[in-house]
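One structure below.
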Amino acid sequence: MIKVIINGCNGRMGKMISDLLAEDADAAVAAGVDAYGDAPQDIPFFRDIKECDVDADVIIDVSTAAAVDGVLDYAVERTIPIVLCTTGLSEEQTARMREDAKKTAVLKSANMSLGINTILKLASAAAKVFAEAGFDIEIVEKHHRQKLDAPSGTALAIADAMNEAIGGDYEYCFDRSDRRQKRPEKEIGISAVRGGTIVGEHEVIFAGTDEVIEIRHMAYSRAVFAKGAVQAAKFLAGKEPGMYGMSDVIG
């Protein structure tokens, strides 16, 4: 049985992960940590990760960027693998995370969804074929009206994966309103839609002469990200120090 500490257990994602682990035959919550909210029932609970004194095989962090340094300190001190789901890390935190990965296993991904990470592989493979054949590449992403960043980190991750697969010399275009010219050949267009309560949609379009191929992922619930985090935790438990990604989880 894999024992999991959830850092940020009272947040929306933390609660989803707790619910999934409660029904999992191979993993369980060892403790919950959160500076806010009421203490969850039936599990050891701590306000600060430094106070957590339970044995665990892996940490899932779904807290805030401000709390990441503390949880990394804890993971390194106890040599516990950590799945970092928290977004918005600074360049300094990202560099520190990579250094800490030399001491304990760290898994970080722009998107924890198993579907999205499979899309990354599919889009990269497709880009190799279609770019050589002269197809244009576009990405359209849609999210709820409350999302602050645009384009999404996932859209950029998809673009980066494709760009790397096809030589790395494609430029990204986020807005064509300030120019009047034909579309350049080596360009990946990235468009963002914000509205309503859309959880997340990402569409990759390969547009050629007389044919269009689309690869699309739609998230109907944030539970897909929680499921991915649990899968990542199961994968990471017992792993040697190093940086890992969701591509390692899906194989």
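By convention in this document, the chains of the structure tokens carry letters A, B, ... by their order, each chain's residues are numbered from 1, and ligands are numbered from 1 in the order they are shown.
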
Please run DSSP on the backbone and report, as a PyMOL selection string, all residues within range 7-189 of chain A that come out as alpha helix (DSSP H).
chain A and resi 12-22+65-78+91-100+114-132+153-165

Env of Ala207 in chain A: 10 Å cut, atoms = only C-alpha atoms, seq-sep filter 4 positions within chain, self excluded. Answer as a ChimeraX atom specification.
/A:130-131,134-138,211-214

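Across the model, the gap from CA of Glu240 in chain A to CA of Gly88 in chain A is 26.0 Å.
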
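Restricting the calculation to only C-alpha atoms, the smallest distance between Ile80 in chain A and any of A:Ala237, A:Met16, A:Met112, A:Ala223 is found for A:Ala237.
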
Just list the residues in range 25-212 of chain A DSSP gives strand (DSSP E) on the backbone, as an mmCIF file with all heavy atoms, in the first residue's frame.
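As a result, out-v5.cif now contains:
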data_model
loop_
_atom_site.group_PDB
_atom_site.id
_atom_site.type_symbol
_atom_site.label_atom_id
_atom_site.label_comp_id
_atom_site.auth_asym_id
_atom_site.auth_seq_id
_atom_site.Cartn_x
_atom_site.Cartn_y
_atom_site.Cartn_z
ATOM 1 N N ALA A 27 -3.293 2.508 -2.888
ATOM 2 C CA ALA A 27 -2.725 3.707 -2.262
ATOM 3 C C ALA A 27 -3.730 4.297 -1.281
ATOM 4 O O ALA A 27 -4.938 4.072 -1.407
ATOM 5 C CB ALA A 27 -2.360 4.738 -3.325
ATOM 6 N N ALA A 28 -3.209 5.044 -0.308
ATOM 7 C CA ALA A 28 -4.074 5.645 0.714
ATOM 8 C C ALA A 28 -3.450 6.933 1.225
ATOM 9 O O ALA A 28 -2.241 7.159 1.081
ATOM 10 C CB ALA A 28 -4.289 4.677 1.872
ATOM 11 N N VAL A 29 -4.273 7.794 1.816
ATOM 12 C CA VAL A 29 -3.787 9.047 2.391
ATOM 13 C C VAL A 29 -3.110 8.758 3.725
ATOM 14 O O VAL A 29 -3.719 8.197 4.638
ATOM 15 C CB VAL A 29 -4.941 10.052 2.599
ATOM 16 C CG1 VAL A 29 -4.394 11.342 3.213
ATOM 17 C CG2 VAL A 29 -5.647 10.349 1.283
ATOM 18 N N ALA A 30 -1.840 9.148 3.843
ATOM 19 C CA ALA A 30 -1.115 8.997 5.107
ATOM 20 C C ALA A 30 -1.367 10.194 6.008
ATOM 21 O O ALA A 30 -1.443 10.061 7.231
ATOM 22 C CB ALA A 30 0.380 8.846 4.845
ATOM 23 N N ALA A 31 -1.487 11.386 5.391
ATOM 24 C CA ALA A 31 -1.735 12.610 6.150
ATOM 25 C C ALA A 31 -2.155 13.709 5.193
ATOM 26 O O ALA A 31 -1.843 13.671 3.992
ATOM 27 C CB ALA A 31 -0.493 13.035 6.928
ATOM 28 N N GLY A 32 -2.848 14.690 5.753
ATOM 29 C CA GLY A 32 -3.222 15.876 4.996
ATOM 30 C C GLY A 32 -2.584 17.096 5.625
ATOM 31 O O GLY A 32 -2.446 17.178 6.846
ATOM 32 N N VAL A 33 -2.162 18.039 4.774
ATOM 33 C CA VAL A 33 -1.543 19.273 5.253
ATOM 34 C C VAL A 33 -2.228 20.450 4.577
ATOM 35 O O VAL A 33 -2.397 20.452 3.354
ATOM 36 C CB VAL A 33 -0.030 19.307 4.933
ATOM 37 C CG1 VAL A 33 0.590 20.607 5.434
ATOM 38 C CG2 VAL A 33 0.678 18.099 5.512
ATOM 39 N N PHE A 45 -3.749 15.239 10.459
ATOM 40 C CA PHE A 45 -3.820 16.540 9.800
ATOM 41 C C PHE A 45 -2.845 17.510 10.447
ATOM 42 O O PHE A 45 -2.714 17.556 11.666
ATOM 43 C CB PHE A 45 -5.243 17.093 9.884
ATOM 44 C CG PHE A 45 -5.390 18.472 9.307
ATOM 45 C CD1 PHE A 45 -5.308 18.694 7.944
ATOM 46 C CD2 PHE A 45 -5.602 19.572 10.152
ATOM 47 C CE1 PHE A 45 -5.439 19.965 7.421
ATOM 48 C CE2 PHE A 45 -5.745 20.847 9.635
ATOM 49 C CZ PHE A 45 -5.661 21.048 8.256
ATOM 50 N N PHE A 46 -2.179 18.312 9.591
ATOM 51 C CA PHE A 46 -1.195 19.273 10.068
ATOM 52 C C PHE A 46 -1.383 20.602 9.342
ATOM 53 O O PHE A 46 -1.723 20.632 8.158
ATOM 54 C CB PHE A 46 0.226 18.753 9.824
ATOM 55 C CG PHE A 46 0.490 17.401 10.433
ATOM 56 C CD1 PHE A 46 0.221 16.242 9.717
ATOM 57 C CD2 PHE A 46 0.973 17.291 11.725
ATOM 58 C CE1 PHE A 46 0.445 14.993 10.276
ATOM 59 C CE2 PHE A 46 1.204 16.045 12.301
ATOM 60 C CZ PHE A 46 0.939 14.891 11.575
ATOM 61 N N VAL A 58 5.286 9.000 -0.673
ATOM 62 C CA VAL A 58 5.271 10.031 -1.702
ATOM 63 C C VAL A 58 4.403 11.202 -1.234
ATOM 64 O O VAL A 58 3.476 11.014 -0.436
ATOM 65 C CB VAL A 58 4.749 9.451 -3.047
ATOM 66 C CG1 VAL A 58 3.316 8.970 -2.915
ATOM 67 C CG2 VAL A 58 4.882 10.450 -4.184
ATOM 68 N N ILE A 59 4.726 12.386 -1.728
ATOM 69 C CA ILE A 59 3.942 13.594 -1.451
ATOM 70 C C ILE A 59 3.282 14.056 -2.744
ATOM 71 O O ILE A 59 3.915 14.053 -3.809
ATOM 72 C CB ILE A 59 4.838 14.735 -0.928
ATOM 73 C CG1 ILE A 59 5.575 14.319 0.351
ATOM 74 C CG2 ILE A 59 4.015 16.007 -0.687
ATOM 75 C CD1 ILE A 59 6.710 15.261 0.713
ATOM 76 N N ILE A 60 2.019 14.442 -2.659
ATOM 77 C CA ILE A 60 1.359 15.148 -3.765
ATOM 78 C C ILE A 60 1.139 16.579 -3.294
ATOM 79 O O ILE A 60 0.441 16.810 -2.304
ATOM 80 C CB ILE A 60 0.016 14.512 -4.154
ATOM 81 C CG1 ILE A 60 0.198 13.077 -4.634
ATOM 82 C CG2 ILE A 60 -0.656 15.351 -5.254
ATOM 83 C CD1 ILE A 60 -1.106 12.373 -5.008
ATOM 84 N N ASP A 61 1.751 17.529 -3.985
ATOM 85 C CA ASP A 61 1.605 18.934 -3.615
ATOM 86 C C ASP A 61 0.610 19.625 -4.534
ATOM 87 O O ASP A 61 0.824 19.721 -5.737
ATOM 88 C CB ASP A 61 2.944 19.656 -3.687
ATOM 89 C CG ASP A 61 2.801 21.125 -3.339
ATOM 90 O OD1 ASP A 61 2.535 21.426 -2.160
ATOM 91 O OD2 ASP A 61 2.930 21.970 -4.246
ATOM 92 N N ILE A 82 8.248 13.487 -4.592
ATOM 93 C CA ILE A 82 7.184 14.486 -4.577
ATOM 94 C C ILE A 82 6.626 14.742 -5.976
ATOM 95 O O ILE A 82 7.388 14.922 -6.930
ATOM 96 C CB ILE A 82 7.672 15.810 -3.939
ATOM 97 C CG1 ILE A 82 6.570 16.869 -3.970
ATOM 98 C CG2 ILE A 82 8.940 16.320 -4.606
ATOM 99 C CD1 ILE A 82 6.886 18.112 -3.159
ATOM 100 N N VAL A 83 5.303 14.721 -6.065
ATOM 101 C CA VAL A 83 4.592 15.084 -7.296
ATOM 102 C C VAL A 83 4.147 16.529 -7.137
ATOM 103 O O VAL A 83 3.313 16.843 -6.293
ATOM 104 C CB VAL A 83 3.358 14.181 -7.535
ATOM 105 C CG1 VAL A 83 2.604 14.628 -8.786
ATOM 106 C CG2 VAL A 83 3.784 12.723 -7.652
ATOM 107 N N LEU A 84 4.729 17.420 -7.937
ATOM 108 C CA LEU A 84 4.410 18.845 -7.845
ATOM 109 C C LEU A 84 3.336 19.201 -8.868
ATOM 110 O O LEU A 84 3.607 19.285 -10.061
ATOM 111 C CB LEU A 84 5.665 19.680 -8.097
ATOM 112 C CG LEU A 84 6.600 19.935 -6.915
ATOM 113 C CD1 LEU A 84 7.847 20.668 -7.383
ATOM 114 C CD2 LEU A 84 5.897 20.734 -5.831
ATOM 115 N N ALA A 105 13.287 12.085 -5.783
ATOM 116 C CA ALA A 105 12.539 12.044 -7.037
ATOM 117 C C ALA A 105 11.494 13.165 -7.076
ATOM 118 O O ALA A 105 10.746 13.358 -6.117
ATOM 119 C CB ALA A 105 11.859 10.694 -7.207
ATOM 120 N N VAL A 106 11.467 13.916 -8.178
ATOM 121 C CA VAL A 106 10.515 15.011 -8.360
ATOM 122 C C VAL A 106 9.807 14.828 -9.694
ATOM 123 O O VAL A 106 10.457 14.642 -10.727
ATOM 124 C CB VAL A 106 11.214 16.385 -8.336
ATOM 125 C CG1 VAL A 106 10.198 17.504 -8.565
ATOM 126 C CG2 VAL A 106 11.948 16.602 -7.024
ATOM 127 N N LEU A 107 8.482 14.859 -9.667
ATOM 128 C CA LEU A 107 7.712 14.785 -10.914
ATOM 129 C C LEU A 107 6.944 16.079 -11.078
ATOM 130 O O LEU A 107 6.185 16.482 -10.203
ATOM 131 C CB LEU A 107 6.748 13.598 -10.897
ATOM 132 C CG LEU A 107 6.046 13.280 -12.231
ATOM 133 C CD1 LEU A 107 5.777 11.786 -12.367
ATOM 134 C CD2 LEU A 107 4.728 14.054 -12.383
ATOM 135 N N LYS A 108 7.151 16.749 -12.205
ATOM 136 C CA LYS A 108 6.476 18.028 -12.496
ATOM 137 C C LYS A 108 5.940 17.974 -13.912
ATOM 138 O O LYS A 108 6.606 17.509 -14.829
ATOM 139 C CB LYS A 108 7.455 19.198 -12.367
ATOM 140 C CG LYS A 108 6.807 20.568 -12.546
ATOM 141 C CD LYS A 108 6.042 20.962 -11.305
ATOM 142 C CE LYS A 108 5.459 22.369 -11.411
ATOM 143 N NZ LYS A 108 4.290 22.457 -12.289
ATOM 144 N N ASP A 136 0.018 23.585 -42.193
ATOM 145 C CA ASP A 136 0.077 24.636 -41.183
ATOM 146 C C ASP A 136 -0.402 24.064 -39.852
ATOM 147 O O ASP A 136 -1.277 23.192 -39.815
ATOM 148 C CB ASP A 136 -0.815 25.814 -41.585
ATOM 149 C CG ASP A 136 -0.343 26.475 -42.873
ATOM 150 O OD1 ASP A 136 0.878 26.614 -43.043
ATOM 151 O OD2 ASP A 136 -1.194 26.836 -43.705
ATOM 152 N N ILE A 137 0.162 24.583 -38.757
ATOM 153 C CA ILE A 137 -0.152 24.064 -37.427
ATOM 154 C C ILE A 137 -0.756 25.171 -36.569
ATOM 155 O O ILE A 137 -0.173 26.254 -36.440
ATOM 156 C CB ILE A 137 1.102 23.502 -36.731
ATOM 157 C CG1 ILE A 137 1.778 22.441 -37.605
ATOM 158 C CG2 ILE A 137 0.743 22.919 -35.374
ATOM 159 C CD1 ILE A 137 3.110 21.956 -37.050
ATOM 160 N N GLU A 138 -1.904 24.893 -35.991
ATOM 161 C CA GLU A 138 -2.578 25.839 -35.101
ATOM 162 C C GLU A 138 -3.019 25.113 -33.830
ATOM 163 O O GLU A 138 -3.355 23.921 -33.867
ATOM 164 C CB GLU A 138 -3.815 26.441 -35.772
ATOM 165 C CG GLU A 138 -3.516 27.302 -36.990
ATOM 166 C CD GLU A 138 -3.053 28.697 -36.609
ATOM 167 O OE1 GLU A 138 -3.617 29.281 -35.656
ATOM 168 O OE2 GLU A 138 -2.123 29.207 -37.259
ATOM 169 N N ILE A 139 -3.024 25.849 -32.729
ATOM 170 C CA ILE A 139 -3.549 25.339 -31.461
ATOM 171 C C ILE A 139 -4.628 26.303 -30.973
ATOM 172 O O ILE A 139 -4.404 27.520 -30.948
ATOM 173 C CB ILE A 139 -2.445 25.233 -30.387
ATOM 174 C CG1 ILE A 139 -1.347 24.259 -30.826
ATOM 175 C CG2 ILE A 139 -3.041 24.798 -29.044
ATOM 176 C CD1 ILE A 139 -0.135 24.264 -29.910
ATOM 177 N N VAL A 140 -5.774 25.759 -30.605
ATOM 178 C CA VAL A 140 -6.846 26.563 -30.012
ATOM 179 C C VAL A 140 -7.161 25.987 -28.639
ATOM 180 O O VAL A 140 -7.443 24.802 -28.509
ATOM 181 C CB VAL A 140 -8.127 26.548 -30.878
ATOM 182 C CG1 VAL A 140 -9.225 27.384 -30.209
ATOM 183 C CG2 VAL A 140 -7.835 27.079 -32.273
ATOM 184 N N GLU A 141 -7.070 26.813 -27.606
ATOM 185 C CA GLU A 141 -7.384 26.347 -26.258
ATOM 186 C C GLU A 141 -8.519 27.182 -25.674
ATOM 187 O O GLU A 141 -8.623 28.379 -25.945
ATOM 188 C CB GLU A 141 -6.147 26.369 -25.360
ATOM 189 C CG GLU A 141 -5.457 27.716 -25.203
ATOM 190 C CD GLU A 141 -5.882 28.477 -23.965
ATOM 191 O OE1 GLU A 141 -6.924 28.140 -23.371
ATOM 192 O OE2 GLU A 141 -5.183 29.439 -23.606
ATOM 193 N N LYS A 142 -9.380 26.527 -24.884
ATOM 194 C CA LYS A 142 -10.532 27.185 -24.278
ATOM 195 C C LYS A 142 -10.567 26.894 -22.787
ATOM 196 O O LYS A 142 -10.395 25.744 -22.366
ATOM 197 C CB LYS A 142 -11.833 26.681 -24.913
ATOM 198 C CG LYS A 142 -11.901 26.843 -26.423
ATOM 199 C CD LYS A 142 -13.183 26.223 -26.980
ATOM 200 C CE LYS A 142 -13.216 26.261 -28.491
ATOM 201 N NZ LYS A 142 -14.440 25.601 -29.034
ATOM 202 N N HIS A 143 -10.813 27.937 -21.988
ATOM 203 C CA HIS A 143 -10.916 27.774 -20.543
ATOM 204 C C HIS A 143 -11.976 28.718 -19.978
ATOM 205 O O HIS A 143 -12.452 29.620 -20.666
ATOM 206 C CB HIS A 143 -9.570 28.043 -19.864
ATOM 207 C CG HIS A 143 -8.590 26.926 -20.013
ATOM 208 N ND1 HIS A 143 -7.735 26.840 -21.094
ATOM 209 C CD2 HIS A 143 -8.330 25.840 -19.244
ATOM 210 C CE1 HIS A 143 -6.983 25.751 -20.976
ATOM 211 N NE2 HIS A 143 -7.327 25.125 -19.863
ATOM 212 N N GLU A 171 8.238 29.660 -35.126
ATOM 213 C CA GLU A 171 7.882 30.798 -34.282
ATOM 214 C C GLU A 171 6.434 30.643 -33.808
ATOM 215 O O GLU A 171 5.597 30.072 -34.511
ATOM 216 C CB GLU A 171 8.026 32.109 -35.062
ATOM 217 C CG GLU A 171 9.434 32.404 -35.548
ATOM 218 C CD GLU A 171 10.371 32.759 -34.408
ATOM 219 O OE1 GLU A 171 9.879 33.263 -33.377
ATOM 220 O OE2 GLU A 171 11.589 32.524 -34.555
ATOM 221 N N TYR A 172 6.140 31.172 -32.611
ATOM 222 C CA TYR A 172 4.775 31.137 -32.086
ATOM 223 C C TYR A 172 4.096 32.474 -32.366
ATOM 224 O O TYR A 172 4.688 33.540 -32.174
ATOM 225 C CB TYR A 172 4.775 30.884 -30.579
ATOM 226 C CG TYR A 172 5.383 29.562 -30.168
ATOM 227 C CD1 TYR A 172 5.725 29.307 -28.846
ATOM 228 C CD2 TYR A 172 5.631 28.548 -31.104
ATOM 229 C CE1 TYR A 172 6.282 28.096 -28.455
ATOM 230 C CE2 TYR A 172 6.184 27.348 -30.726
ATOM 231 C CZ TYR A 172 6.524 27.128 -29.406
ATOM 232 O OH TYR A 172 7.079 25.930 -29.041
ATOM 233 N N CYS A 173 2.854 32.399 -32.812
ATOM 234 C CA CYS A 173 2.073 33.605 -33.102
ATOM 235 C C CYS A 173 0.822 33.595 -32.231
ATOM 236 O O CYS A 173 0.011 32.681 -32.311
ATOM 237 C CB CYS A 173 1.694 33.663 -34.580
ATOM 238 S SG CYS A 173 0.686 35.107 -34.996
ATOM 239 N N GLU A 187 5.432 28.564 -38.607
ATOM 240 C CA GLU A 187 4.720 29.273 -37.552
ATOM 241 C C GLU A 187 3.703 28.346 -36.901
ATOM 242 O O GLU A 187 3.053 27.554 -37.578
ATOM 243 C CB GLU A 187 4.005 30.492 -38.133
ATOM 244 C CG GLU A 187 3.176 31.270 -37.132
ATOM 245 C CD GLU A 187 2.515 32.473 -37.768
ATOM 246 O OE1 GLU A 187 3.189 33.521 -37.895
ATOM 247 O OE2 GLU A 187 1.339 32.369 -38.166
ATOM 248 N N ILE A 188 3.605 28.435 -35.594
ATOM 249 C CA ILE A 188 2.544 27.735 -34.864
ATOM 250 C C ILE A 188 1.644 28.796 -34.245
ATOM 251 O O ILE A 188 2.088 29.571 -33.391
ATOM 252 C CB ILE A 188 3.107 26.814 -33.765
ATOM 253 C CG1 ILE A 188 3.977 25.703 -34.377
ATOM 254 C CG2 ILE A 188 1.968 26.188 -32.955
ATOM 255 C CD1 ILE A 188 4.634 24.792 -33.356
ATOM 256 N N GLY A 189 0.408 28.865 -34.696
ATOM 257 C CA GLY A 189 -0.535 29.817 -34.142
ATOM 258 C C GLY A 189 -1.163 29.270 -32.869
ATOM 259 O O GLY A 189 -1.517 28.089 -32.805
ATOM 260 N N ILE A 190 -1.287 30.104 -31.858
ATOM 261 C CA ILE A 190 -1.875 29.689 -30.584
ATOM 262 C C ILE A 190 -2.955 30.694 -30.196
ATOM 263 O O ILE A 190 -2.659 31.872 -29.986
ATOM 264 C CB ILE A 190 -0.817 29.590 -29.470
ATOM 265 C CG1 ILE A 190 0.346 28.683 -29.897
ATOM 266 C CG2 ILE A 190 -1.451 29.070 -28.184
ATOM 267 C CD1 ILE A 190 1.477 28.614 -28.883
ATOM 268 N N SER A 191 -4.195 30.237 -30.123
ATOM 269 C CA SER A 191 -5.327 31.107 -29.802
ATOM 270 C C SER A 191 -5.960 30.696 -28.484
ATOM 271 O O SER A 191 -6.065 29.502 -28.177
ATOM 272 C CB SER A 191 -6.385 31.036 -30.912
ATOM 273 O OG SER A 191 -5.830 31.396 -32.160
ATOM 274 N N ALA A 192 -6.405 31.685 -27.701
ATOM 275 C CA ALA A 192 -7.017 31.430 -26.396
ATOM 276 C C ALA A 192 -8.449 31.948 -26.373
ATOM 277 O O ALA A 192 -8.710 33.075 -26.789
ATOM 278 C CB ALA A 192 -6.201 32.082 -25.284
ATOM 279 N N VAL A 193 -9.361 31.117 -25.885
ATOM 280 C CA VAL A 193 -10.759 31.490 -25.691
ATOM 281 C C VAL A 193 -11.045 31.438 -24.196
ATOM 282 O O VAL A 193 -10.664 30.482 -23.512
ATOM 283 C CB VAL A 193 -11.706 30.521 -26.438
ATOM 284 C CG1 VAL A 193 -13.160 30.855 -26.150
ATOM 285 C CG2 VAL A 193 -11.429 30.557 -27.936
ATOM 286 N N ARG A 194 -11.707 32.459 -23.665
ATOM 287 C CA ARG A 194 -12.056 32.497 -22.248
ATOM 288 C C ARG A 194 -13.551 32.767 -22.104
ATOM 289 O O ARG A 194 -14.053 33.783 -22.614
ATOM 290 C CB ARG A 194 -11.272 33.602 -21.520
ATOM 291 C CG ARG A 194 -9.771 33.375 -21.491
ATOM 292 C CD ARG A 194 -9.413 32.220 -20.572
ATOM 293 N NE ARG A 194 -7.983 31.919 -20.603
ATOM 294 C CZ ARG A 194 -7.433 31.022 -21.403
ATOM 295 N NH1 ARG A 194 -8.185 30.337 -22.246
ATOM 296 N NH2 ARG A 194 -6.143 30.792 -21.376
ATOM 297 N N GLY A 200 -11.564 22.932 -19.636
ATOM 298 C CA GLY A 200 -10.354 22.966 -20.444
ATOM 299 C C GLY A 200 -10.513 22.189 -21.736
ATOM 300 O O GLY A 200 -10.927 21.030 -21.709
ATOM 301 N N GLU A 201 -10.230 22.839 -22.851
ATOM 302 C CA GLU A 201 -10.240 22.185 -24.155
ATOM 303 C C GLU A 201 -8.977 22.590 -24.907
ATOM 304 O O GLU A 201 -8.580 23.754 -24.875
ATOM 305 C CB GLU A 201 -11.469 22.592 -24.974
ATOM 306 C CG GLU A 201 -12.795 22.184 -24.374
ATOM 307 C CD GLU A 201 -13.978 22.554 -25.271
ATOM 308 O OE1 GLU A 201 -13.741 22.774 -26.475
ATOM 309 O OE2 GLU A 201 -15.100 22.647 -24.755
ATOM 310 N N HIS A 202 -8.359 21.626 -25.557
ATOM 311 C CA HIS A 202 -7.177 21.897 -26.372
ATOM 312 C C HIS A 202 -7.324 21.172 -27.710
ATOM 313 O O HIS A 202 -7.594 19.968 -27.737
ATOM 314 C CB HIS A 202 -5.905 21.442 -25.658
ATOM 315 C CG HIS A 202 -5.592 22.255 -24.443
ATOM 316 N ND1 HIS A 202 -6.155 21.995 -23.210
ATOM 317 C CD2 HIS A 202 -4.797 23.345 -24.272
ATOM 318 C CE1 HIS A 202 -5.714 22.885 -22.335
ATOM 319 N NE2 HIS A 202 -4.888 23.702 -22.937
ATOM 320 N N GLU A 203 -7.163 21.923 -28.767
ATOM 321 C CA GLU A 203 -7.315 21.368 -30.114
ATOM 322 C C GLU A 203 -6.079 21.713 -30.945
ATOM 323 O O GLU A 203 -5.660 22.875 -31.004
ATOM 324 C CB GLU A 203 -8.563 21.954 -30.770
ATOM 325 C CG GLU A 203 -8.875 21.395 -32.136
ATOM 326 C CD GLU A 203 -10.169 21.969 -32.698
ATOM 327 O OE1 GLU A 203 -10.637 22.991 -32.173
ATOM 328 O OE2 GLU A 203 -10.693 21.394 -33.665
ATOM 329 N N VAL A 204 -5.478 20.696 -31.531
ATOM 330 C CA VAL A 204 -4.347 20.887 -32.426
ATOM 331 C C VAL A 204 -4.834 20.660 -33.855
ATOM 332 O O VAL A 204 -5.429 19.617 -34.151
ATOM 333 C CB VAL A 204 -3.197 19.912 -32.100
ATOM 334 C CG1 VAL A 204 -1.979 20.219 -32.967
ATOM 335 C CG2 VAL A 204 -2.832 19.983 -30.627
ATOM 336 N N ILE A 205 -4.592 21.642 -34.712
ATOM 337 C CA ILE A 205 -5.097 21.596 -36.086
ATOM 338 C C ILE A 205 -3.923 21.535 -37.059
ATOM 339 O O ILE A 205 -3.025 22.389 -37.006
ATOM 340 C CB ILE A 205 -5.954 22.839 -36.390
ATOM 341 C CG1 ILE A 205 -7.112 22.951 -35.390
ATOM 342 C CG2 ILE A 205 -6.474 22.801 -37.829
ATOM 343 C CD1 ILE A 205 -7.801 24.307 -35.416
ATOM 344 N N PHE A 206 -3.932 20.546 -37.913
ATOM 345 C CA PHE A 206 -2.966 20.438 -39.010
ATOM 346 C C PHE A 206 -3.732 20.703 -40.293
ATOM 347 O O PHE A 206 -4.535 19.864 -40.724
ATOM 348 C CB PHE A 206 -2.310 19.060 -39.031
ATOM 349 C CG PHE A 206 -1.554 18.720 -37.774
ATOM 350 C CD1 PHE A 206 -2.137 17.952 -36.771
ATOM 351 C CD2 PHE A 206 -0.255 19.176 -37.575
ATOM 352 C CE1 PHE A 206 -1.453 17.631 -35.613
ATOM 353 C CE2 PHE A 206 0.446 18.860 -36.407
ATOM 354 C CZ PHE A 206 -0.149 18.091 -35.428
ATOM 355 N N ALA A 207 -3.516 21.856 -40.893
ATOM 356 C CA ALA A 207 -4.285 22.271 -42.073
ATOM 357 C C ALA A 207 -3.404 22.216 -43.319
ATOM 358 O O ALA A 207 -2.439 22.970 -43.453
ATOM 359 C CB ALA A 207 -4.836 23.681 -41.878
ATOM 360 N N GLY A 208 -3.773 21.309 -44.232
ATOM 361 C CA GLY A 208 -3.039 21.176 -45.479
ATOM 362 C C GLY A 208 -3.921 21.509 -46.672
ATOM 363 O O GLY A 208 -5.039 22.011 -46.514
ATOM 364 N N GLU A 211 -7.232 19.070 -47.044
ATOM 365 C CA GLU A 211 -7.527 18.199 -45.912
ATOM 366 C C GLU A 211 -7.071 18.837 -44.605
ATOM 367 O O GLU A 211 -6.103 19.598 -44.570
ATOM 368 C CB GLU A 211 -6.881 16.818 -46.078
ATOM 369 C CG GLU A 211 -5.370 16.821 -46.186
ATOM 370 C CD GLU A 211 -4.817 15.412 -46.322
ATOM 371 O OE1 GLU A 211 -5.494 14.461 -45.886
ATOM 372 O OE2 GLU A 211 -3.705 15.267 -46.875
ATOM 373 N N VAL A 212 -7.792 18.523 -43.541
ATOM 374 C CA VAL A 212 -7.485 19.034 -42.200
ATOM 375 C C VAL A 212 -7.553 17.877 -41.216
ATOM 376 O O VAL A 212 -8.510 17.091 -41.228
ATOM 377 C CB VAL A 212 -8.476 20.141 -41.769
ATOM 378 C CG1 VAL A 212 -8.210 20.561 -40.323
ATOM 379 C CG2 VAL A 212 -8.375 21.346 -42.703
#

Nearby residues (only C-alpha atoms) at most 7 Å from range 160-167 of chain A, same-chain spacing under 4 positions excluded, as a list of chain:residue names
A:Leu120, A:Ala123, A:Ser124, A:Ala127, A:Lys128, A:Leu156

Export of the given selection (N, CA and C atoms) as a compact mmCIF listing (two decimals), in the first residue's frame:
# COMPACT_ATOMS: atom_id res chain seq x y z
N LEU A 120 0.29 15.03 -26.12
CA LEU A 120 1.63 15.56 -26.39
C LEU A 120 2.42 14.62 -27.29
N ALA A 123 0.61 14.51 -30.86
CA ALA A 123 0.82 15.74 -31.63
C ALA A 123 2.25 15.83 -32.14
N SER A 124 3.21 15.40 -31.31
CA SER A 124 4.61 15.44 -31.73
C SER A 124 4.86 14.51 -32.91
N ALA A 127 3.17 15.99 -35.99
CA ALA A 127 3.87 17.17 -36.49
C ALA A 127 5.03 16.79 -37.41
N LYS A 128 5.72 15.71 -37.05
CA LYS A 128 6.84 15.26 -37.89
C LYS A 128 6.38 14.94 -39.30
N LEU A 156 1.08 25.86 -24.49
CA LEU A 156 2.49 26.12 -24.74
C LEU A 156 3.30 24.83 -24.69

I'd like the contact shell of Leu21 in chain A - 10 Å cut-off, only C-alpha atoms, skipping same-chain residues fewer than 2 positions apart - returned as a PyMOL selection string.
chain A and resi 2-4+15-19+23-29+226-227+230

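Using only C-alpha atoms for every distance, the candidate list A:Arg12, A:Ile5, A:Arg179, A:Pro151 yields A:Ile5 as the residue closest to Cys52 in chain A.
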
Which of these residues is nearest to Lys186 in chain A, using only C-alpha atoms: A:Ile215, A:Glu132, A:Ile250, A:Thr154?
A:Glu132
